[in-house]
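Chemist: One structure, pasted below without further comment.
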Amino acid sequence: MDKLIFELQDVYFSYLGRYPALCGVDIHIRRGERIILVGANGSGKSTLLQMLDGLIFPDRGILKAFGGELTEGRFNDDGFSKTFRKNVGLVFQNSDIQLFCPTVKEDILFGPLQLGVAKKEIQRRFDELVHVLDIAALLDRSPHQLSIGEKRKVAIASTLVIDPEVLILDEPTAGLDPLTTRHIIDLLLAANAAGKTIITATHDLHIVEELSDVVYVFSQGKRIIRHGSPQEILSDSNLLQANNLIHMHSHRHRGKTHIHPHLHIYHHEEE
Amino acid sequence: MSALSFLKGAIFADEYASKKGLLQSLDPRVKTVTFLFFIIQILLTKNLFILLCLYALCLLLTLFSRINVGFFLKRTWIFIPLFSLLIAIPALFNIVTPGEPLITFTIAGLKLSITRQGLFGAALFMMRVTTSVSFAVLLSLTTRHFELLKVLRVFGIPQVFVMTLGICYRYIYLFVEIVENTYLAIKSRVGTTVHYTRGQHIVAWNIASLWNRSYQLNEAVYQAMLSRGYRGEPVLGDDFKIMAKDGLWLSFVITLSAALAYVQYYLLV
Ligand SMILES: Nc1ncnc2c1ncn2[C@@H]1O[C@H](COP(=O)(O)OP(=O)(O)OP(=O)(O)O)[C@@H](O)[C@H]1O
Ligand SMILES: [Mg+2]
């Protein structure tokens with residue numbers, strides 16, 4: 001339980017050497033933990049997740065995964081690459097990018113086929129996911145002709161089917177209806193109970209409490225300014241407000257103007 | 001804009017391919033091979049009667065595949081004038097095809113006559129084009145396009161190539177959507193009366209941004225493939241299955257071809 005799987009020290013990254021995206025990030029992630037990243041738009045969440053998935057590498061600073069330093073060169077080794085890809089799966093923020101096969105079915109099967117998972121095992125996981133995510137009717141359709149929420153479900157299935165030790169999800173519930181959101185949270189919690197590490201970036205404060213042991217807050221400065229338990233972070237309304245996670249809400253009520261923080265987290269329960 | 005929608009409809013619609021009809025239920029490999037075989041027969045035969053038989057077969061298959069015959073005729077006859085009339089009409093006349101004159105008339109001092117051989121040749125040509133185009137259209141209507149792509153693999157074309165084609169196909173669709181959405185966005189923001197020169201600006205900007213986007217998309221998709229374990233050589237599942245029905249279809253095609261060959265060589269000649 002106490003084993004570190006990701007370790008970042010003072011990591012810097014910029015796109016094309018011009019657009020800074022991470023400016024001195026430190027983060028430690030242990031096996032079996034549930035991690036949530038929150039922060040304003042453009043604060044570097046997606047960039048960090050892609051780095052954890054071994055797709056981009058720091059300009060400066062140290063990135064360690066599973067005890068060794070992660071560099072681009074190591075992925076030239078077929079064995080390492082295969083093990084890493086089997087162990088770490090990423091659901092992209094943009095499902096249009098993640099889905100590139102002609103049919104939904106092929107897209108879901110793409111990962112395990114590349115990684116050489118046994119046919120029987122693939123079939124078992126496939127059937128289970130199709131059932132849980134309720135996507136049987138979509139299997140023969142083209143991913144690009146689905147609704148945004150349907151695409152998201154397929155994207156999630158195409159990563160979960162790899163059955164990785166570490167699941168990285170970039171806004172998995174954006175655009176999903178409440179029931180589907182519930183199913184996905186349950187799926188992730190079950191995976192976590194089975195010992196998987198779950199790292200999620202989200203704007204949806206509803207799911208924070210359930211999907212986190214530790215919450216990291218990204219600032220506009222593209223670094224982590226706070227981390228702590230979900231209770232701690234969610235109750236600090238100044239912090240949340242400073243990072244665009246809640247906003248002041250003013251309305252008139254019996255001739256008086258009320259101003260109070262509008263926490264989206266309690267929004268639905270009050271309705 | 002309507003040209004774009006037409007293109008989208010013509011290239012990407014697979015409503016007929018997903019219907020449950022006779023041809024849709026066949027293995028795409030078997031279907032493609034037999035259709036190629038039909039087309040070769042059509043191109044080799046010099047017999048109008050056989051062409052008519054094959055055309056009738058094609059229409060019958062259309063019916064059994066639950067395709068609206070009116071729609072099918074429209075779809076095929078769009079292409080035919082393009083090919084045939086331009087080539088077939090000159091062939092009618094004695095300048096191109098010498099022979100027995102049927103009708104003779106004079107245009108601008110030039111004595112022209114339609115010859116019997118010319119007429120027969122033109123009819124044969126028209127019929128050949130019509131029938132082979134019909135078979136090609138029928139194949140493309142009843143088979144999903146990615147399946148046609150996969151069929152290429154049967155002919156020994158490498159997987160990487162087939163997969164790349166598939167991705168291209170998918171991104172052409174995405175681009176059509178982007179262009180369409182951009183036009184809608186412009187329309188919603190500036191209304192339909194965009195000044196001519198401004199309109200040009202928007203279009204130029206649009207093409208530049210399309211290039212840009214395609215480049216970024218390319219890179220992002222590649223990352224997404226890497227993330228799921230892609231190592232430069234895709235492993236694709238093979239879910240084509242040849243079933244009893246395909247065997248039946250294959251024997252039907254062979255019997256029919258043999259019968260037509262018999263008719264052609266022993267009865268008519
Ligand atoms: N492909 C790219 N090229 C150039 N700059 C980029 C690119 N992708 C992201 N950036 C920049 O990097 C910074 C961090 O972006 P990132 O996508 O990581 O933010 P994010 O926290 O995921 O935001 P969001 O909540 O909107 O998803 C932003 O300032 C953004 O402008
Ligand atoms: Mg993001």
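Residues in the structure tokens are named by chain (A, B, ... in the order shown) and by number from 1 within that chain; ligands are numbered from 1 in the order shown.
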If we count only C-alpha atoms and set the cut-off at 10 Å, which residues sit around stretch 148-159 of chain A, ignoring sequence neighbours fewer than 6 positions away in its own chain? Please answer as a ChimeraX atom specification.
Modeler: /A:88-99,104-112,125-126,128-130,132-135,138-139,142,167-169,171-177,180-181,184 /B:227-228
Chemist: Would you mind exporting N, CA and C atoms of the selected residues as a short mmCIF file (atom, residue, chain, number, x, y, z; two decimals), in the first residue's frame?
Modeler:
data_model
loop_
_atom_site.label_atom_id
_atom_site.label_comp_id
_atom_site.auth_asym_id
_atom_site.auth_seq_id
_atom_site.Cartn_x
_atom_site.Cartn_y
_atom_site.Cartn_z
N VAL A 88 -0.53 1.17 -17.16
CA VAL A 88 -1.08 2.52 -17.05
C VAL A 88 -2.01 2.78 -18.22
N GLY A 89 -3.23 3.19 -17.91
CA GLY A 89 -4.19 3.51 -18.97
C GLY A 89 -4.73 4.91 -18.81
N LEU A 90 -4.90 5.62 -19.91
CA LEU A 90 -5.38 7.01 -19.86
C LEU A 90 -6.65 7.18 -20.67
N VAL A 91 -7.66 7.78 -20.06
CA VAL A 91 -8.85 8.20 -20.80
C VAL A 91 -8.66 9.67 -21.14
N PHE A 92 -8.55 9.98 -22.42
CA PHE A 92 -8.27 11.36 -22.85
C PHE A 92 -9.46 12.27 -22.61
N GLN A 93 -9.14 13.54 -22.45
CA GLN A 93 -10.22 14.52 -22.27
C GLN A 93 -11.07 14.61 -23.52
N ASN A 94 -10.42 14.52 -24.68
CA ASN A 94 -11.13 14.63 -25.94
C ASN A 94 -11.33 13.24 -26.55
N SER A 95 -12.55 12.74 -26.47
CA SER A 95 -12.80 11.37 -26.94
C SER A 95 -12.61 11.24 -28.44
N ASP A 96 -12.79 12.34 -29.18
CA ASP A 96 -12.60 12.28 -30.62
C ASP A 96 -11.20 11.85 -30.99
N ILE A 97 -10.25 12.23 -30.14
CA ILE A 97 -8.87 11.86 -30.39
C ILE A 97 -8.64 10.42 -30.01
N GLN A 98 -9.25 10.04 -28.91
CA GLN A 98 -8.98 8.69 -28.43
C GLN A 98 -9.56 7.61 -29.33
N LEU A 99 -10.64 7.94 -30.02
CA LEU A 99 -11.30 6.91 -30.82
C LEU A 99 -10.93 7.08 -32.28
N VAL A 104 -16.95 1.04 -33.08
CA VAL A 104 -16.82 1.07 -31.63
C VAL A 104 -16.17 -0.21 -31.13
N LYS A 105 -16.61 -1.34 -31.68
CA LYS A 105 -16.10 -2.61 -31.21
C LYS A 105 -14.59 -2.70 -31.43
N GLU A 106 -14.15 -2.33 -32.62
CA GLU A 106 -12.73 -2.40 -32.90
C GLU A 106 -11.94 -1.46 -32.00
N ASP A 107 -12.54 -0.31 -31.72
CA ASP A 107 -11.85 0.64 -30.87
C ASP A 107 -11.65 0.08 -29.48
N ILE A 108 -12.68 -0.57 -28.96
CA ILE A 108 -12.54 -1.13 -27.62
C ILE A 108 -11.50 -2.24 -27.61
N LEU A 109 -11.45 -3.02 -28.70
CA LEU A 109 -10.53 -4.15 -28.71
C LEU A 109 -9.09 -3.75 -29.07
N PHE A 110 -8.91 -2.53 -29.55
CA PHE A 110 -7.59 -2.13 -30.05
C PHE A 110 -6.47 -2.33 -29.01
N GLY A 111 -6.68 -1.78 -27.80
CA GLY A 111 -5.63 -1.82 -26.78
C GLY A 111 -5.19 -3.24 -26.44
N PRO A 112 -6.11 -4.08 -25.95
CA PRO A 112 -5.70 -5.44 -25.57
C PRO A 112 -5.08 -6.23 -26.73
N ARG A 125 -13.60 -9.44 -20.61
CA ARG A 125 -13.62 -8.03 -20.18
C ARG A 125 -14.55 -7.21 -21.06
N PHE A 126 -14.49 -7.51 -22.36
CA PHE A 126 -15.31 -6.79 -23.33
C PHE A 126 -16.79 -6.94 -22.98
N GLU A 128 -18.19 -7.75 -20.21
CA GLU A 128 -18.53 -7.13 -18.94
C GLU A 128 -18.71 -5.62 -19.10
N LEU A 129 -17.74 -4.98 -19.78
CA LEU A 129 -17.81 -3.53 -19.94
C LEU A 129 -19.01 -3.11 -20.78
N VAL A 130 -19.26 -3.88 -21.84
CA VAL A 130 -20.39 -3.54 -22.70
C VAL A 130 -21.68 -3.59 -21.89
N VAL A 132 -21.96 -3.28 -18.44
CA VAL A 132 -22.00 -2.25 -17.40
C VAL A 132 -22.24 -0.86 -17.99
N LEU A 133 -21.58 -0.57 -19.11
CA LEU A 133 -21.72 0.76 -19.70
C LEU A 133 -22.91 0.87 -20.64
N ASP A 134 -23.58 -0.29 -20.86
CA ASP A 134 -24.79 -0.29 -21.67
C ASP A 134 -24.53 0.27 -23.08
N ILE A 135 -23.54 -0.31 -23.76
CA ILE A 135 -23.21 0.20 -25.09
C ILE A 135 -23.37 -0.87 -26.17
N LEU A 138 -24.26 0.19 -29.62
CA LEU A 138 -23.36 1.07 -30.37
C LEU A 138 -22.25 0.32 -31.07
N LEU A 139 -22.10 -0.97 -30.76
CA LEU A 139 -20.88 -1.67 -31.14
C LEU A 139 -20.52 -1.61 -32.62
N SER A 142 -19.92 3.77 -36.11
CA SER A 142 -18.64 4.45 -36.14
C SER A 142 -18.56 5.37 -34.95
N LEU A 167 -5.19 3.76 -13.35
CA LEU A 167 -6.17 4.31 -14.28
C LEU A 167 -6.12 5.82 -14.20
N ILE A 168 -5.86 6.45 -15.33
CA ILE A 168 -5.80 7.90 -15.35
C ILE A 168 -6.97 8.40 -16.18
N LEU A 169 -7.76 9.30 -15.60
CA LEU A 169 -8.96 9.73 -16.31
C LEU A 169 -9.02 11.25 -16.36
N GLU A 171 -11.28 14.16 -16.93
CA GLU A 171 -12.68 14.57 -16.95
C GLU A 171 -13.60 13.46 -17.45
N PRO A 172 -13.60 12.33 -16.74
CA PRO A 172 -14.37 11.18 -17.23
C PRO A 172 -15.88 11.42 -17.23
N THR A 173 -16.36 12.34 -16.41
CA THR A 173 -17.82 12.46 -16.32
C THR A 173 -18.36 13.70 -17.02
N ALA A 174 -17.48 14.43 -17.71
CA ALA A 174 -17.97 15.63 -18.41
C ALA A 174 -18.96 15.23 -19.49
N GLY A 175 -20.13 15.81 -19.46
CA GLY A 175 -21.11 15.54 -20.49
C GLY A 175 -21.91 14.26 -20.31
N LEU A 176 -21.77 13.63 -19.17
CA LEU A 176 -22.54 12.39 -18.96
C LEU A 176 -23.77 12.67 -18.09
N ASP A 177 -24.81 11.90 -18.33
CA ASP A 177 -26.02 12.09 -17.53
C ASP A 177 -25.80 11.49 -16.13
N THR A 180 -25.44 7.59 -15.73
CA THR A 180 -24.21 7.08 -16.31
C THR A 180 -23.01 7.47 -15.45
N THR A 181 -23.01 8.69 -14.96
CA THR A 181 -21.95 9.14 -14.06
C THR A 181 -21.85 8.19 -12.87
N ILE A 184 -20.26 4.94 -13.74
CA ILE A 184 -18.81 5.04 -13.95
C ILE A 184 -18.09 5.17 -12.63
N SER B 227 -0.59 5.33 -26.29
CA SER B 227 -1.09 5.11 -24.94
C SER B 227 -1.74 3.74 -24.80
N ARG B 228 -2.33 3.26 -25.89
CA ARG B 228 -2.98 1.95 -25.80
C ARG B 228 -2.10 0.85 -26.36
#
Chemist: Taking a cut-off of 6 Å and counting only C-alpha atoms, can you build a table that, for each residue of chain B near chain A, reports the nearest atom pair and how far apart they are in Å (one decimal), sorted by chain then residue number, as a tab-separated table?
Modeler:
residue	atom	partner	partner_atom	distance
B:Val221	CA	A:Ile97	CA	5.2
B:Ala224	CA	A:Gln98	CA	5.4
B:Arg228	CA	A:Gly111	CA	4.7
B:Gly229	CA	A:Arg85	CA	5.5
B:Tyr230	CA	A:Gln114	CA	5.9
B:Val235	CA	A:Gln114	CA	5.4
Chemist: Could you give me, as a PyMOL selection string, each residue of stretch 23-240 of chain A that DSSP assigns to helix (DSSP H, G or I) when run on this structure's backbone?
Modeler: chain A and resi 45-52+72-76+78-87+95-98+104-114+119-133+136-138+143-145+148-160+178-193+205-207+230-234+237-240
Chemist: Quick one: distance from atom CA of A:Leu187 to atom CA of A:Ala136 in Å, one decimal?
Modeler: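 Atom-to-atom, atom CA of A:Leu187 to atom CA of A:Ala136, that is 17.2 Å.
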Chemist: Can you pull out every residue with an atom within 9 Å of ligand 1? Use only C-alpha atoms and all ligand atoms and format it as a count of residues only.
Modeler: 35
Chemist: Kindly give the distance, in Å, that separates atom CA of A:Lys120 and atom CA of A:Asn87, rounded to a single decimal.
Modeler: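 About the pair atom CA of A:Lys120 and atom CA of A:Asn87: they are 19.5 Å apart.
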Chemist: Which polymer residues have any atom within 8 Å of an atom of B:Pro234, counting only C-alpha atoms, with same-chain residues fewer than 2 positions away left out, as a list of chain:residue names?
Modeler: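 My reading of the contact set: A:Gln114, B:Gln159, B:Val160, B:Met163, B:Tyr230, B:Arg231, B:Gly232, B:Leu236.
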Chemist: Restrict the selected residues to N, CA, C and O atoms and save them as a PDB file, in the first residue's frame.
Modeler:
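The file below, part.pdb, is the result:
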ATOM      1  N   GLN A 114      -3.219  -4.989 -29.179  1.00  0.00           N
ATOM      2  CA  GLN A 114      -1.826  -4.532 -29.328  1.00  0.00           C
ATOM      3  C   GLN A 114      -0.954  -5.148 -28.243  1.00  0.00           C
ATOM      4  O   GLN A 114       0.202  -5.459 -28.465  1.00  0.00           O
TER       5      GLN A 114
ATOM      6  N   GLN B 159      -1.144  -4.472 -43.328  1.00  0.00           N
ATOM      7  CA  GLN B 159      -2.086  -3.952 -42.332  1.00  0.00           C
ATOM      8  C   GLN B 159      -1.923  -2.466 -42.054  1.00  0.00           C
ATOM      9  O   GLN B 159      -2.895  -1.743 -41.899  1.00  0.00           O
ATOM     10  N   VAL B 160      -0.665  -2.025 -41.977  1.00  0.00           N
ATOM     11  CA  VAL B 160      -0.420  -0.617 -41.650  1.00  0.00           C
ATOM     12  C   VAL B 160      -1.112   0.265 -42.674  1.00  0.00           C
ATOM     13  O   VAL B 160      -1.752   1.260 -42.348  1.00  0.00           O
ATOM     14  N   MET B 163      -4.885   0.181 -42.202  1.00  0.00           N
ATOM     15  CA  MET B 163      -5.271   0.931 -41.022  1.00  0.00           C
ATOM     16  C   MET B 163      -5.150   2.439 -41.272  1.00  0.00           C
ATOM     17  O   MET B 163      -6.014   3.223 -40.885  1.00  0.00           O
ATOM     18  N   TYR B 230       0.205   0.793 -28.998  1.00  0.00           N
ATOM     19  CA  TYR B 230       0.586   0.696 -30.401  1.00  0.00           C
ATOM     20  C   TYR B 230       2.104   0.804 -30.529  1.00  0.00           C
ATOM     21  O   TYR B 230       2.733   1.641 -29.904  1.00  0.00           O
ATOM     22  N   ARG B 231       2.696  -0.106 -31.358  1.00  0.00           N
ATOM     23  CA  ARG B 231       4.149  -0.094 -31.497  1.00  0.00           C
ATOM     24  C   ARG B 231       4.565   0.006 -32.948  1.00  0.00           C
ATOM     25  O   ARG B 231       5.642  -0.464 -33.324  1.00  0.00           O
ATOM     26  N   GLY B 232       3.750   0.562 -33.798  1.00  0.00           N
ATOM     27  CA  GLY B 232       4.143   0.734 -35.186  1.00  0.00           C
ATOM     28  C   GLY B 232       3.582  -0.325 -36.119  1.00  0.00           C
ATOM     29  O   GLY B 232       3.583  -0.161 -37.324  1.00  0.00           O
ATOM     30  N   LEU B 236      -4.705  -6.280 -35.685  1.00  0.00           N
ATOM     31  CA  LEU B 236      -6.141  -6.110 -35.830  1.00  0.00           C
ATOM     32  C   LEU B 236      -6.842  -7.434 -35.632  1.00  0.00           C
ATOM     33  O   LEU B 236      -6.346  -8.476 -36.060  1.00  0.00           O
TER      34      LEU B 236
END
Chemist: Got a sec to tell me which of stretch 201-246 of chain A DSSP assigns to strand (DSSP E or B), as a list in words?
Modeler: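 Checking each residue of stretch 201-246 of chain A, the strand (DSSP E or B) ones are Ala201, Val214, Val215, Tyr216, Val217, Phe218, Ile224, Ile225, Arg226, His227 and Gly228 of chain A.
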Chemist: If we count only C-alpha atoms and set the cut-off at 6 Å, which residues sit around A:Arg223, ignoring sequence neighbours fewer than 5 positions away in its own chain? Please answer as a list in words.
Modeler: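 So the residues in contact are Cys23, Gly24, Val25 and Phe218 of chain A.
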Chemist: Quote the spacing between atom CA of A:Leu239 and atom CA of A:Asp10 in Å to one decimal place.
Modeler: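 Atom-to-atom, atom CA of A:Leu239 to atom CA of A:Asp10, that is 22.2 Å.
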Chemist: What lies within 8 Å of A:Leu70 using only C-alpha atoms, ignoring chain neighbours under 4 positions off, as a PyMOL selection string?
Modeler: chain A and resi 54+57+63-65+74
Chemist: Show me, as a ChimeraX atom specification, the residues that have an atom within 6 Å of B:Ile114 when counting only C-alpha atoms, minus same-chain residues fewer than 4 positions from it.
Modeler: /B:92-93,101-103
Chemist: Selection from above, all heavy atoms, as an mmCIF file, in the first residue's frame, can you write it?
Modeler:
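Contents of part_5.cif, as written:
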data_model
loop_
_atom_site.group_PDB
_atom_site.id
_atom_site.type_symbol
_atom_site.label_atom_id
_atom_site.label_comp_id
_atom_site.auth_asym_id
_atom_site.auth_seq_id
_atom_site.Cartn_x
_atom_site.Cartn_y
_atom_site.Cartn_z
ATOM 1 N N LEU B 92 -21.252 5.516 -82.825
ATOM 2 C CA LEU B 92 -22.414 5.202 -83.653
ATOM 3 C C LEU B 92 -22.116 5.431 -85.126
ATOM 4 O O LEU B 92 -22.670 4.770 -85.995
ATOM 5 C CB LEU B 92 -23.576 6.123 -83.265
ATOM 6 C CG LEU B 92 -24.358 5.831 -81.994
ATOM 7 C CD1 LEU B 92 -25.349 6.956 -81.762
ATOM 8 C CD2 LEU B 92 -25.083 4.507 -82.144
ATOM 9 N N PHE B 93 -21.274 6.415 -85.390
ATOM 10 C CA PHE B 93 -21.184 6.922 -86.763
ATOM 11 C C PHE B 93 -20.121 6.224 -87.593
ATOM 12 O O PHE B 93 -19.188 5.619 -87.063
ATOM 13 C CB PHE B 93 -20.924 8.431 -86.707
ATOM 14 C CG PHE B 93 -22.069 9.160 -86.065
ATOM 15 C CD1 PHE B 93 -22.002 9.551 -84.736
ATOM 16 C CD2 PHE B 93 -23.228 9.406 -86.797
ATOM 17 C CE1 PHE B 93 -23.067 10.206 -84.153
ATOM 18 C CE2 PHE B 93 -24.296 10.063 -86.202
ATOM 19 C CZ PHE B 93 -24.218 10.464 -84.872
ATOM 20 N N PRO B 101 -24.719 1.318 -93.506
ATOM 21 C CA PRO B 101 -25.415 2.490 -92.968
ATOM 22 C C PRO B 101 -26.884 2.182 -92.676
ATOM 23 O O PRO B 101 -27.532 1.450 -93.425
ATOM 24 C CB PRO B 101 -25.275 3.528 -94.080
ATOM 25 C CG PRO B 101 -24.960 2.755 -95.319
ATOM 26 C CD PRO B 101 -24.382 1.435 -94.920
ATOM 27 N N LEU B 102 -27.392 2.694 -91.575
ATOM 28 C CA LEU B 102 -28.816 2.546 -91.240
ATOM 29 C C LEU B 102 -29.554 3.828 -91.553
ATOM 30 O O LEU B 102 -30.577 3.839 -92.217
ATOM 31 C CB LEU B 102 -28.979 2.207 -89.762
ATOM 32 C CG LEU B 102 -28.580 0.796 -89.345
ATOM 33 C CD1 LEU B 102 -28.756 0.638 -87.856
ATOM 34 C CD2 LEU B 102 -29.422 -0.240 -90.092
ATOM 35 N N ILE B 103 -29.061 4.940 -91.004
ATOM 36 C CA ILE B 103 -29.660 6.242 -91.277
ATOM 37 C C ILE B 103 -28.520 7.112 -91.792
ATOM 38 O O ILE B 103 -27.403 7.039 -91.264
ATOM 39 C CB ILE B 103 -30.220 6.913 -90.010
ATOM 40 C CG1 ILE B 103 -31.050 5.899 -89.204
ATOM 41 C CG2 ILE B 103 -31.022 8.147 -90.345
ATOM 42 C CD1 ILE B 103 -31.360 6.400 -87.817
#
Chemist: Please identify all polymer residues within 12 Å of A:Gly67, counting only C-alpha atoms, omitting same-chain residues fewer than 4 positions from it, and present them as a list in words.
Modeler: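 Neighbouring residues, sequence-local ones excluded: Lys3, Leu4, Ile5, Phe6, Glu7, Leu8, His28, Ile29, Arg30, Arg31, Ile62 and Leu63 of chain A.
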